[in-house]
Structures are given as structure tokens and as C-alpha cells.
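Below is start.cif, which holds mmCIF, C-alpha atoms.
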data_run
#
loop_
_atom_site.group_PDB
_atom_site.id
_atom_site.type_symbol
_atom_site.label_atom_id
_atom_site.label_comp_id
_atom_site.auth_asym_id
_atom_site.auth_seq_id
_atom_site.Cartn_x
_atom_site.Cartn_y
_atom_site.Cartn_z
ATOM 1 C CA MET K 1 -31.299 46.580 78.396
ATOM 2 C CA ILE K 2 -28.945 44.963 80.917
ATOM 3 C CA TYR K 3 -29.940 41.464 79.744
ATOM 4 C CA VAL K 4 -29.103 42.302 76.145
ATOM 5 C CA VAL K 5 -25.726 43.817 77.035
ATOM 6 C CA VAL K 6 -24.757 40.942 79.354
ATOM 7 C CA GLY K 7 -25.902 38.405 76.755
ATOM 8 C CA LEU K 8 -24.053 40.019 73.858
ATOM 9 C CA ALA K 9 -20.908 40.521 75.923
ATOM 10 C CA GLY K 10 -21.218 36.908 77.067
ATOM 11 C CA ILE K 11 -21.269 35.736 73.468
ATOM 12 C CA VAL K 12 -18.109 37.709 72.752
ATOM 13 C CA GLY K 13 -16.356 36.389 75.879
ATOM 14 C CA ALA K 14 -17.283 32.781 75.106
ATOM 15 C CA LEU K 15 -16.056 33.116 71.535
ATOM 16 C CA LEU K 16 -12.798 34.707 72.697
ATOM 17 C CA ARG K 17 -12.246 31.812 75.083
ATOM 18 C CA TYR K 18 -13.038 29.290 72.351
ATOM 19 C CA TYR K 19 -10.554 30.912 69.954
ATOM 20 C CA LEU K 20 -7.921 31.126 72.684
ATOM 21 C CA GLY K 21 -8.388 27.381 73.222
ATOM 22 C CA LEU K 22 -7.961 26.712 69.506
ATOM 23 C CA PHE K 23 -4.876 28.909 69.283
ATOM 24 C CA VAL K 24 -3.184 27.449 72.360
ATOM 25 C CA GLY K 25 -4.201 23.917 71.363
ATOM 26 C CA ALA K 26 -2.423 24.349 68.039
ATOM 27 C CA LEU K 27 0.800 25.329 69.830
ATOM 28 C CA TRP K 28 0.670 23.291 73.052
ATOM 29 C CA ASN K 29 -0.022 19.607 73.560
ATOM 30 C CA GLY K 30 1.365 19.139 77.080
ATOM 31 C CA LEU K 31 -0.534 17.833 80.076
ATOM 32 C CA PHE K 32 -0.720 21.262 81.707
ATOM 33 C CA PRO K 33 -4.100 22.899 80.840
ATOM 34 C CA LEU K 34 -2.499 26.031 79.423
ATOM 35 C CA ALA K 35 -5.540 27.403 77.548
ATOM 36 C CA THR K 36 -7.752 27.384 80.641
ATOM 37 C CA TRP K 37 -4.972 28.809 82.794
ATOM 38 C CA LEU K 38 -4.370 31.646 80.332
ATOM 39 C CA ALA K 39 -8.096 32.415 80.064
ATOM 40 C CA ASN K 40 -8.407 32.606 83.833
ATOM 41 C CA ILE K 41 -5.225 34.660 84.340
ATOM 42 C CA ILE K 42 -6.178 37.119 81.598
ATOM 43 C CA GLY K 43 -9.689 37.268 83.022
ATOM 44 C CA CYS K 44 -8.409 37.999 86.538
ATOM 45 C CA PHE K 45 -6.363 40.900 85.225
ATOM 46 C CA ALA K 46 -9.226 42.195 83.072
ATOM 47 C CA LEU K 47 -11.815 42.021 85.848
ATOM 48 C CA GLY K 48 -9.456 43.692 88.306
ATOM 49 C CA TRP K 49 -8.843 46.512 85.837
ATOM 50 C CA LEU K 50 -12.510 46.868 84.840
ATOM 51 C CA THR K 51 -13.609 46.891 88.488
ATOM 52 C CA ALA K 52 -11.277 49.752 89.357
ATOM 53 C CA TYR K 53 -11.306 51.752 86.125
ATOM 54 C CA LEU K 54 -14.864 51.707 84.789
ATOM 55 C CA PRO K 55 -16.519 53.343 87.828
ATOM 56 C CA ARG K 56 -14.191 56.304 87.252
ATOM 57 C CA LEU K 57 -15.974 56.953 83.941
ATOM 58 C CA ARG K 58 -18.906 59.063 85.086
ATOM 59 C CA ASN K 59 -20.927 58.848 81.854
ATOM 60 C CA LEU K 60 -20.725 55.077 81.484
ATOM 61 C CA PRO K 61 -24.101 53.438 82.149
ATOM 62 C CA PRO K 62 -24.059 50.788 84.915
ATOM 63 C CA TYR K 63 -25.410 48.136 82.541
ATOM 64 C CA VAL K 64 -22.269 48.478 80.405
ATOM 65 C CA VAL K 65 -20.088 47.863 83.475
ATOM 66 C CA THR K 66 -22.165 44.788 84.343
ATOM 67 C CA GLY K 67 -22.099 43.604 80.748
ATOM 68 C CA LEU K 68 -18.333 43.806 80.538
ATOM 69 C CA GLY K 69 -17.652 42.246 83.947
ATOM 70 C CA THR K 70 -20.356 39.595 84.148
ATOM 71 C CA GLY K 71 -20.911 39.014 80.443
ATOM 72 C CA LEU K 72 -17.540 39.373 78.755
ATOM 73 C CA VAL K 73 -15.103 38.399 81.508
ATOM 74 C CA GLY K 74 -17.517 35.989 83.183
ATOM 75 C CA SER K 75 -17.957 33.947 80.025
ATOM 76 C CA PHE K 76 -14.260 34.160 79.118
ATOM 77 C CA THR K 77 -13.060 32.709 82.426
ATOM 78 C CA THR K 78 -13.964 29.308 83.770
ATOM 79 C CA PHE K 79 -13.703 28.003 87.299
ATOM 80 C CA SER K 80 -15.617 24.852 86.419
ATOM 81 C CA THR K 81 -13.178 23.819 83.679
ATOM 82 C CA PHE K 82 -10.265 24.587 86.006
ATOM 83 C CA SER K 83 -11.850 22.312 88.618
ATOM 84 C CA VAL K 84 -12.580 19.458 86.210
ATOM 85 C CA GLU K 85 -9.108 19.631 84.680
ATOM 86 C CA THR K 86 -7.593 19.469 88.169
ATOM 87 C CA VAL K 87 -9.723 16.412 89.000
ATOM 88 C CA GLN K 88 -8.679 14.814 85.695
ATOM 89 C CA LEU K 89 -5.002 15.388 86.511
ATOM 90 C CA LEU K 90 -5.542 13.781 89.916
ATOM 91 C CA HIS K 91 -7.503 10.896 88.391
ATOM 92 C CA THR K 92 -4.644 10.158 85.975
ATOM 93 C CA SER K 93 -2.078 10.189 88.828
ATOM 94 C CA HIS K 94 -0.496 13.540 87.997
ATOM 95 C CA LEU K 95 -0.579 14.786 91.592
ATOM 96 C CA GLU K 96 2.381 17.167 91.278
ATOM 97 C CA LEU K 97 1.041 18.768 88.113
ATOM 98 C CA ALA K 98 -2.435 19.131 89.655
ATOM 99 C CA LEU K 99 -0.995 20.841 92.729
ATOM 100 C CA PHE K 100 1.164 23.080 90.549
ATOM 101 C CA TYR K 101 -1.893 24.002 88.447
ATOM 102 C CA VAL K 102 -3.917 24.893 91.538
ATOM 103 C CA PHE K 103 -1.046 26.882 93.069
ATOM 104 C CA LEU K 104 -0.238 28.732 89.845
ATOM 105 C CA SER K 105 -3.913 29.471 89.196
ATOM 106 C CA MET K 106 -4.624 30.799 92.688
ATOM 107 C CA CYS K 107 -1.437 32.813 93.169
ATOM 108 C CA GLY K 108 -1.273 33.969 89.555
ATOM 109 C CA GLY K 109 -4.961 34.871 89.523
ATOM 110 C CA LEU K 110 -4.744 36.906 92.707
ATOM 111 C CA LEU K 111 -1.579 38.648 91.517
ATOM 112 C CA MET K 112 -3.061 39.505 88.128
ATOM 113 C CA ALA K 113 -6.309 40.746 89.697
ATOM 114 C CA TRP K 114 -4.279 42.952 92.048
ATOM 115 C CA ILE K 115 -2.141 44.327 89.197
ATOM 116 C CA GLY K 116 -5.237 44.964 87.080
ATOM 117 C CA PHE K 117 -6.985 46.672 89.981
ATOM 118 C CA ARG K 118 -3.978 48.878 90.725
ATOM 119 C CA LEU K 119 -3.603 49.816 87.063
ATOM 120 C CA GLY K 120 -7.311 50.576 86.890
ATOM 121 C CA GLN K 121 -6.905 52.919 89.829
ATOM 122 C CA GLY K 122 -3.896 54.504 88.155
ATOM 123 C CA ARG K 123 -1.832 53.679 91.231
ATOM 124 C CA LEU K 124 0.612 50.965 90.181
ATOM 125 C CA HIS K 125 3.076 53.440 88.653
ATOM 126 C CA ALA K 126 2.765 55.897 91.541
ATOM 127 C CA GLN K 127 3.559 53.143 94.041
ATOM 128 C CA LYS K 128 6.576 52.079 91.999
ATOM 129 C CA GLU K 129 7.955 55.644 91.979
ATOM 130 C CA ALA K 130 7.434 55.967 95.753
ATOM 131 C CA ALA K 131 9.401 52.763 96.341
ATOM 132 C CA GLU K 132 12.431 54.100 94.406
#
Starting from the file, give its structure as C-alpha cells.
Amino acid sequence: MIYVVVGLAGIVGALLRYYLGLFVGALWNGLFPLATWLANIIGCFALGWLTAYLPRLRNLPPYVVTGLGTGLVGSFTTFSTFSVETVQLLHTSHLELALFYVFLSMCGGLLMAWIGFRLGQGRLHAQKEAAE
């Protein structure tokens, strides 16, 4: 059953990423690889949230958790495209943009994963109230 769920969720994630690329491509024609960056940032948030929230649902079968994390989010995000796009920016002498892309992807990805994880735990709001 796990193979079916991961496969079906993977199809959905890949299609979502494809449509995101079409949508962003229709609005953005700059050098910065915005579609890939958005897919990865959204995916970092989603995986952080899923990782923290789904285990709290006692009746959810483990294969659904794996299907959503590995299948859906795993096929939606793309480290390989991020890497190739960075190499392409370097190859075309866009050093500053390549470094900015790497920095924004790493810092933004970690931040979004942390926010997603905290929200999944139900702790982001509680921490905010404690700080005030």
C-alpha cells in the first residue's frame, strides 16, 4: 500500500510543481530561477509542518505520512534543479545572482522549515505571546 500512496502523491506533487513553473513562467522572465525557489521554499514549509503535525494525528496510517512527505513534497521540491540552475548562473558569469540564489535558498528554506515545524507543533503562537 505504501508504494501506491507514495506513487500517487508523487504524481500530484510533480504536477503541482509543473503548474507552478507554468504560472511563474507566465509572470516572470528574469534571470533569477523564481519557480524553483518558490517550489523549494513552499516545500520546506510544508515538510516542516507535515513532520511536526501529522504524527499528532493518532489514527493516521504511517503510509499516509510517508506518502505526503516523500511522495507529495519530495516530488514538488527539487534540489537537483536548484543545483543545475546555480551552475548555469555561474557558467553564464552571473556570480552575484548565483550566490544570492544559494543564500536565499538555504536561509529561506531553513527559516520556512522551522516556521512550518513550529506551526505543526502548535508552538509558534505560544512563543510569540511569551515574547510579548
Could you pull the residues within 6 Å of range 75-90 of chain K, counting only C-alpha atoms, minus those fewer than 6 positions along the same chain, as a PDB file with C-alpha atoms, in the frame of the given file?
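Contents of around.pdb, as written:
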ATOM      1  CA  GLY K  10     -21.218  36.908  77.067  1.00  0.00           C
ATOM      2  CA  GLY K  13     -16.356  36.389  75.879  1.00  0.00           C
ATOM      3  CA  ALA K  14     -17.283  32.781  75.106  1.00  0.00           C
ATOM      4  CA  ARG K  17     -12.246  31.812  75.083  1.00  0.00           C
ATOM      5  CA  ALA K  39      -8.096  32.415  80.064  1.00  0.00           C
ATOM      6  CA  ASN K  40      -8.407  32.606  83.833  1.00  0.00           C
ATOM      7  CA  GLY K  43      -9.689  37.268  83.022  1.00  0.00           C
ATOM      8  CA  ALA K  98      -2.435  19.131  89.655  1.00  0.00           C
TER       9      ALA K  98
END
List the residues selected by the PyMOL selection byres ((chain K and resi 111-115) around 8) in the file shown, writing them as a PDB file with C-alpha atoms, in the coordinates of the input.
ATOM      1  CA  ILE K  41      -5.225  34.660  84.340  1.00  0.00           C
ATOM      2  CA  ILE K  42      -6.178  37.119  81.598  1.00  0.00           C
ATOM      3  CA  CYS K  44      -8.409  37.999  86.538  1.00  0.00           C
ATOM      4  CA  PHE K  45      -6.363  40.900  85.225  1.00  0.00           C
ATOM      5  CA  ALA K  46      -9.226  42.195  83.072  1.00  0.00           C
ATOM      6  CA  LEU K  47     -11.815  42.021  85.848  1.00  0.00           C
ATOM      7  CA  GLY K  48      -9.456  43.692  88.306  1.00  0.00           C
ATOM      8  CA  TRP K  49      -8.843  46.512  85.837  1.00  0.00           C
ATOM      9  CA  CYS K 107      -1.437  32.813  93.169  1.00  0.00           C
ATOM     10  CA  GLY K 108      -1.273  33.969  89.555  1.00  0.00           C
ATOM     11  CA  GLY K 109      -4.961  34.871  89.523  1.00  0.00           C
ATOM     12  CA  LEU K 110      -4.744  36.906  92.707  1.00  0.00           C
ATOM     13  CA  GLY K 116      -5.237  44.964  87.080  1.00  0.00           C
ATOM     14  CA  PHE K 117      -6.985  46.672  89.981  1.00  0.00           C
ATOM     15  CA  ARG K 118      -3.978  48.878  90.725  1.00  0.00           C
ATOM     16  CA  LEU K 119      -3.603  49.816  87.063  1.00  0.00           C
ATOM     17  CA  LEU K 124       0.612  50.965  90.181  1.00  0.00           C
TER      18      LEU K 124
END
Determine, for each residue of range 43-131 of chain K having at least one atom at most 8 Å from an atom of range 3-7 of chain K, the closest pair of atoms and their separation in Å to one decimal, counting all atoms listed in the file; order by chain and ascending number, as a tab-separated table.
residue	atom	partner	partner_atom	distance
K:Tyr63	CA	K:Val5	CA	7.0
K:Val64	CA	K:Val5	CA	6.7
K:Thr66	CA	K:Val6	CA	6.8
K:Gly67	CA	K:Val6	CA	4.0
K:Leu68	CA	K:Val6	CA	7.1
K:Thr70	CA	K:Val6	CA	6.6
K:Gly71	CA	K:Val6	CA	4.4
K:Leu72	CA	K:Val6	CA	7.4
Open item on the list: As an exercise, work out the distance from CA of Arg123 in chain K to CA of Thr51 in chain K in Å and give it to one decimal place.
Closed with: 13.9 Å
Please report, as AutoDock Vina command-line options, the centre and edge lengths in Å to one decimal of an axis-aligned box covering all listed atoms of range 50-63 of chain K with 4 Å per side.
--center_x -18.3 --center_y 53.0 --center_z 85.4 --size_x 22.1 --size_y 20.2 --size_z 15.9
Task: Residues in the PyMOL selection byres ((chain K and resi 20-24) around 10), expressed as a ChimeraX atom specification - done: /K:14-19,25-29,33-36,38-39,76
Task: CA of Gly74 in chain K to CA of Gly122 in chain K, straight-line distance in Å - done: 23.5 Å
Task: Contact residues around Pro62 in chain K with all atoms listed in the file at 10 Å, ignoring same-chain residues under 6 positions, as a ChimeraX atom specification - done: /K:2,54-55
Only C-alpha atoms, please: the residues just picked out, written as a PDB file, keeping the file's coordinate frame.
ATOM      1  CA  ILE K   2     -28.945  44.963  80.917  1.00  0.00           C
ATOM      2  CA  LEU K  54     -14.864  51.707  84.789  1.00  0.00           C
ATOM      3  CA  PRO K  55     -16.519  53.343  87.828  1.00  0.00           C
TER       4      PRO K  55
END
- [ ] Choose the residue, out of K:Leu50, K:Leu31, K:Leu57, K:Val65, that has the smallest atom-to-atom separation from Thr92 in chain K; count only C-alpha atoms.
- [x] K:Leu31
Will you model N, CA, C and O atoms for range 16-40 of chain K and pass it back as a PDB file, in the coordinates of the input?
ATOM      1  N   LEU K  16     -14.214  34.420  72.453  1.00  0.00           N
ATOM      2  CA  LEU K  16     -12.798  34.707  72.697  1.00  0.00           C
ATOM      3  C   LEU K  16     -12.122  33.535  73.407  1.00  0.00           C
ATOM      4  O   LEU K  16     -10.997  33.151  73.066  1.00  0.00           O
ATOM      5  N   ARG K  17     -12.805  32.967  74.373  1.00  0.00           N
ATOM      6  CA  ARG K  17     -12.246  31.812  75.083  1.00  0.00           C
ATOM      7  C   ARG K  17     -12.114  30.610  74.153  1.00  0.00           C
ATOM      8  O   ARG K  17     -11.112  29.886  74.173  1.00  0.00           O
ATOM      9  N   TYR K  18     -13.087  30.394  73.312  1.00  0.00           N
ATOM     10  CA  TYR K  18     -13.038  29.290  72.351  1.00  0.00           C
ATOM     11  C   TYR K  18     -11.844  29.459  71.406  1.00  0.00           C
ATOM     12  O   TYR K  18     -11.076  28.524  71.178  1.00  0.00           O
ATOM     13  N   TYR K  19     -11.668  30.663  70.875  1.00  0.00           N
ATOM     14  CA  TYR K  19     -10.554  30.912  69.954  1.00  0.00           C
ATOM     15  C   TYR K  19      -9.203  30.843  70.666  1.00  0.00           C
ATOM     16  O   TYR K  19      -8.215  30.387  70.080  1.00  0.00           O
ATOM     17  N   LEU K  20      -9.151  31.275  71.908  1.00  0.00           N
ATOM     18  CA  LEU K  20      -7.921  31.126  72.684  1.00  0.00           C
ATOM     19  C   LEU K  20      -7.580  29.642  72.831  1.00  0.00           C
ATOM     20  O   LEU K  20      -6.424  29.237  72.671  1.00  0.00           O
ATOM     21  N   GLY K  21      -8.595  28.830  73.114  1.00  0.00           N
ATOM     22  CA  GLY K  21      -8.388  27.381  73.222  1.00  0.00           C
ATOM     23  C   GLY K  21      -7.885  26.777  71.925  1.00  0.00           C
ATOM     24  O   GLY K  21      -6.984  25.926  71.929  1.00  0.00           O
ATOM     25  N   LEU K  22      -8.434  27.215  70.802  1.00  0.00           N
ATOM     26  CA  LEU K  22      -7.961  26.712  69.506  1.00  0.00           C
ATOM     27  C   LEU K  22      -6.515  27.126  69.249  1.00  0.00           C
ATOM     28  O   LEU K  22      -5.693  26.320  68.806  1.00  0.00           O
ATOM     29  N   PHE K  23      -6.216  28.384  69.523  1.00  0.00           N
ATOM     30  CA  PHE K  23      -4.876  28.909  69.283  1.00  0.00           C
ATOM     31  C   PHE K  23      -3.845  28.196  70.151  1.00  0.00           C
ATOM     32  O   PHE K  23      -2.811  27.736  69.666  1.00  0.00           O
ATOM     33  N   VAL K  24      -4.121  28.094  71.438  1.00  0.00           N
ATOM     34  CA  VAL K  24      -3.184  27.449  72.360  1.00  0.00           C
ATOM     35  C   VAL K  24      -3.082  25.956  72.038  1.00  0.00           C
ATOM     36  O   VAL K  24      -1.986  25.386  72.056  1.00  0.00           O
ATOM     37  N   GLY K  25      -4.205  25.338  71.702  1.00  0.00           N
ATOM     38  CA  GLY K  25      -4.201  23.917  71.363  1.00  0.00           C
ATOM     39  C   GLY K  25      -3.348  23.606  70.145  1.00  0.00           C
ATOM     40  O   GLY K  25      -2.769  22.522  70.050  1.00  0.00           O
ATOM     41  N   ALA K  26      -3.253  24.552  69.225  1.00  0.00           N
ATOM     42  CA  ALA K  26      -2.423  24.349  68.039  1.00  0.00           C
ATOM     43  C   ALA K  26      -0.930  24.448  68.364  1.00  0.00           C
ATOM     44  O   ALA K  26      -0.097  23.916  67.636  1.00  0.00           O
ATOM     45  N   LEU K  27      -0.602  25.123  69.465  1.00  0.00           N
ATOM     46  CA  LEU K  27       0.800  25.329  69.830  1.00  0.00           C
ATOM     47  C   LEU K  27       1.268  24.473  71.000  1.00  0.00           C
ATOM     48  O   LEU K  27       2.462  24.306  71.199  1.00  0.00           O
ATOM     49  N   TRP K  28       0.330  23.967  71.802  1.00  0.00           N
ATOM     50  CA  TRP K  28       0.670  23.291  73.052  1.00  0.00           C
ATOM     51  C   TRP K  28      -0.073  21.971  73.139  1.00  0.00           C
ATOM     52  O   TRP K  28      -1.294  21.932  73.000  1.00  0.00           O
ATOM     53  N   ASN K  29       0.647  20.898  73.388  1.00  0.00           N
ATOM     54  CA  ASN K  29      -0.022  19.607  73.560  1.00  0.00           C
ATOM     55  C   ASN K  29       0.434  18.911  74.844  1.00  0.00           C
ATOM     56  O   ASN K  29       0.332  17.712  74.968  1.00  0.00           O
ATOM     57  N   GLY K  30       0.934  19.693  75.796  1.00  0.00           N
ATOM     58  CA  GLY K  30       1.365  19.139  77.080  1.00  0.00           C
ATOM     59  C   GLY K  30       0.195  18.812  77.985  1.00  0.00           C
ATOM     60  O   GLY K  30      -0.966  19.118  77.678  1.00  0.00           O
ATOM     61  N   LEU K  31       0.497  18.193  79.108  1.00  0.00           N
ATOM     62  CA  LEU K  31      -0.534  17.833  80.076  1.00  0.00           C
ATOM     63  C   LEU K  31      -1.096  19.051  80.806  1.00  0.00           C
ATOM     64  O   LEU K  31      -2.252  19.051  81.225  1.00  0.00           O
ATOM     65  N   PHE K  32      -0.267  20.073  80.988  1.00  0.00           N
ATOM     66  CA  PHE K  32      -0.720  21.262  81.707  1.00  0.00           C
ATOM     67  C   PHE K  32      -1.824  21.956  80.913  1.00  0.00           C
ATOM     68  O   PHE K  32      -1.654  22.244  79.721  1.00  0.00           O
ATOM     69  N   PRO K  33      -2.965  22.268  81.540  1.00  0.00           N
ATOM     70  CA  PRO K  33      -4.100  22.899  80.840  1.00  0.00           C
ATOM     71  C   PRO K  33      -3.856  24.397  80.591  1.00  0.00           C
ATOM     72  O   PRO K  33      -4.454  25.266  81.212  1.00  0.00           O
ATOM     73  N   LEU K  34      -2.965  24.676  79.661  1.00  0.00           N
ATOM     74  CA  LEU K  34      -2.499  26.031  79.423  1.00  0.00           C
ATOM     75  C   LEU K  34      -3.610  26.969  78.954  1.00  0.00           C
ATOM     76  O   LEU K  34      -3.675  28.120  79.393  1.00  0.00           O
ATOM     77  N   ALA K  35      -4.483  26.517  78.083  1.00  0.00           N
ATOM     78  CA  ALA K  35      -5.540  27.403  77.548  1.00  0.00           C
ATOM     79  C   ALA K  35      -6.466  27.888  78.661  1.00  0.00           C
ATOM     80  O   ALA K  35      -6.786  29.084  78.734  1.00  0.00           O
ATOM     81  N   THR K  36      -6.875  26.991  79.529  1.00  0.00           N
ATOM     82  CA  THR K  36      -7.752  27.384  80.641  1.00  0.00           C
ATOM     83  C   THR K  36      -7.015  28.304  81.598  1.00  0.00           C
ATOM     84  O   THR K  36      -7.569  29.309  82.071  1.00  0.00           O
ATOM     85  N   TRP K  37      -5.761  27.974  81.886  1.00  0.00           N
ATOM     86  CA  TRP K  37      -4.972  28.809  82.794  1.00  0.00           C
ATOM     87  C   TRP K  37      -4.832  30.216  82.223  1.00  0.00           C
ATOM     88  O   TRP K  37      -5.042  31.196  82.939  1.00  0.00           O
ATOM     89  N   LEU K  38      -4.508  30.324  80.947  1.00  0.00           N
ATOM     90  CA  LEU K  38      -4.370  31.646  80.332  1.00  0.00           C
ATOM     91  C   LEU K  38      -5.692  32.416  80.359  1.00  0.00           C
ATOM     92  O   LEU K  38      -5.713  33.607  80.655  1.00  0.00           O
ATOM     93  N   ALA K  39      -6.791  31.748  80.045  1.00  0.00           N
ATOM     94  CA  ALA K  39      -8.096  32.415  80.064  1.00  0.00           C
ATOM     95  C   ALA K  39      -8.392  32.960  81.463  1.00  0.00           C
ATOM     96  O   ALA K  39      -8.847  34.103  81.614  1.00  0.00           O
ATOM     97  N   ASN K  40      -8.113  32.172  82.470  1.00  0.00           N
ATOM     98  CA  ASN K  40      -8.407  32.606  83.833  1.00  0.00           C
ATOM     99  C   ASN K  40      -7.469  33.713  84.300  1.00  0.00           C
ATOM    100  O   ASN K  40      -7.895  34.654  84.976  1.00  0.00           O
TER     101      ASN K  40
END
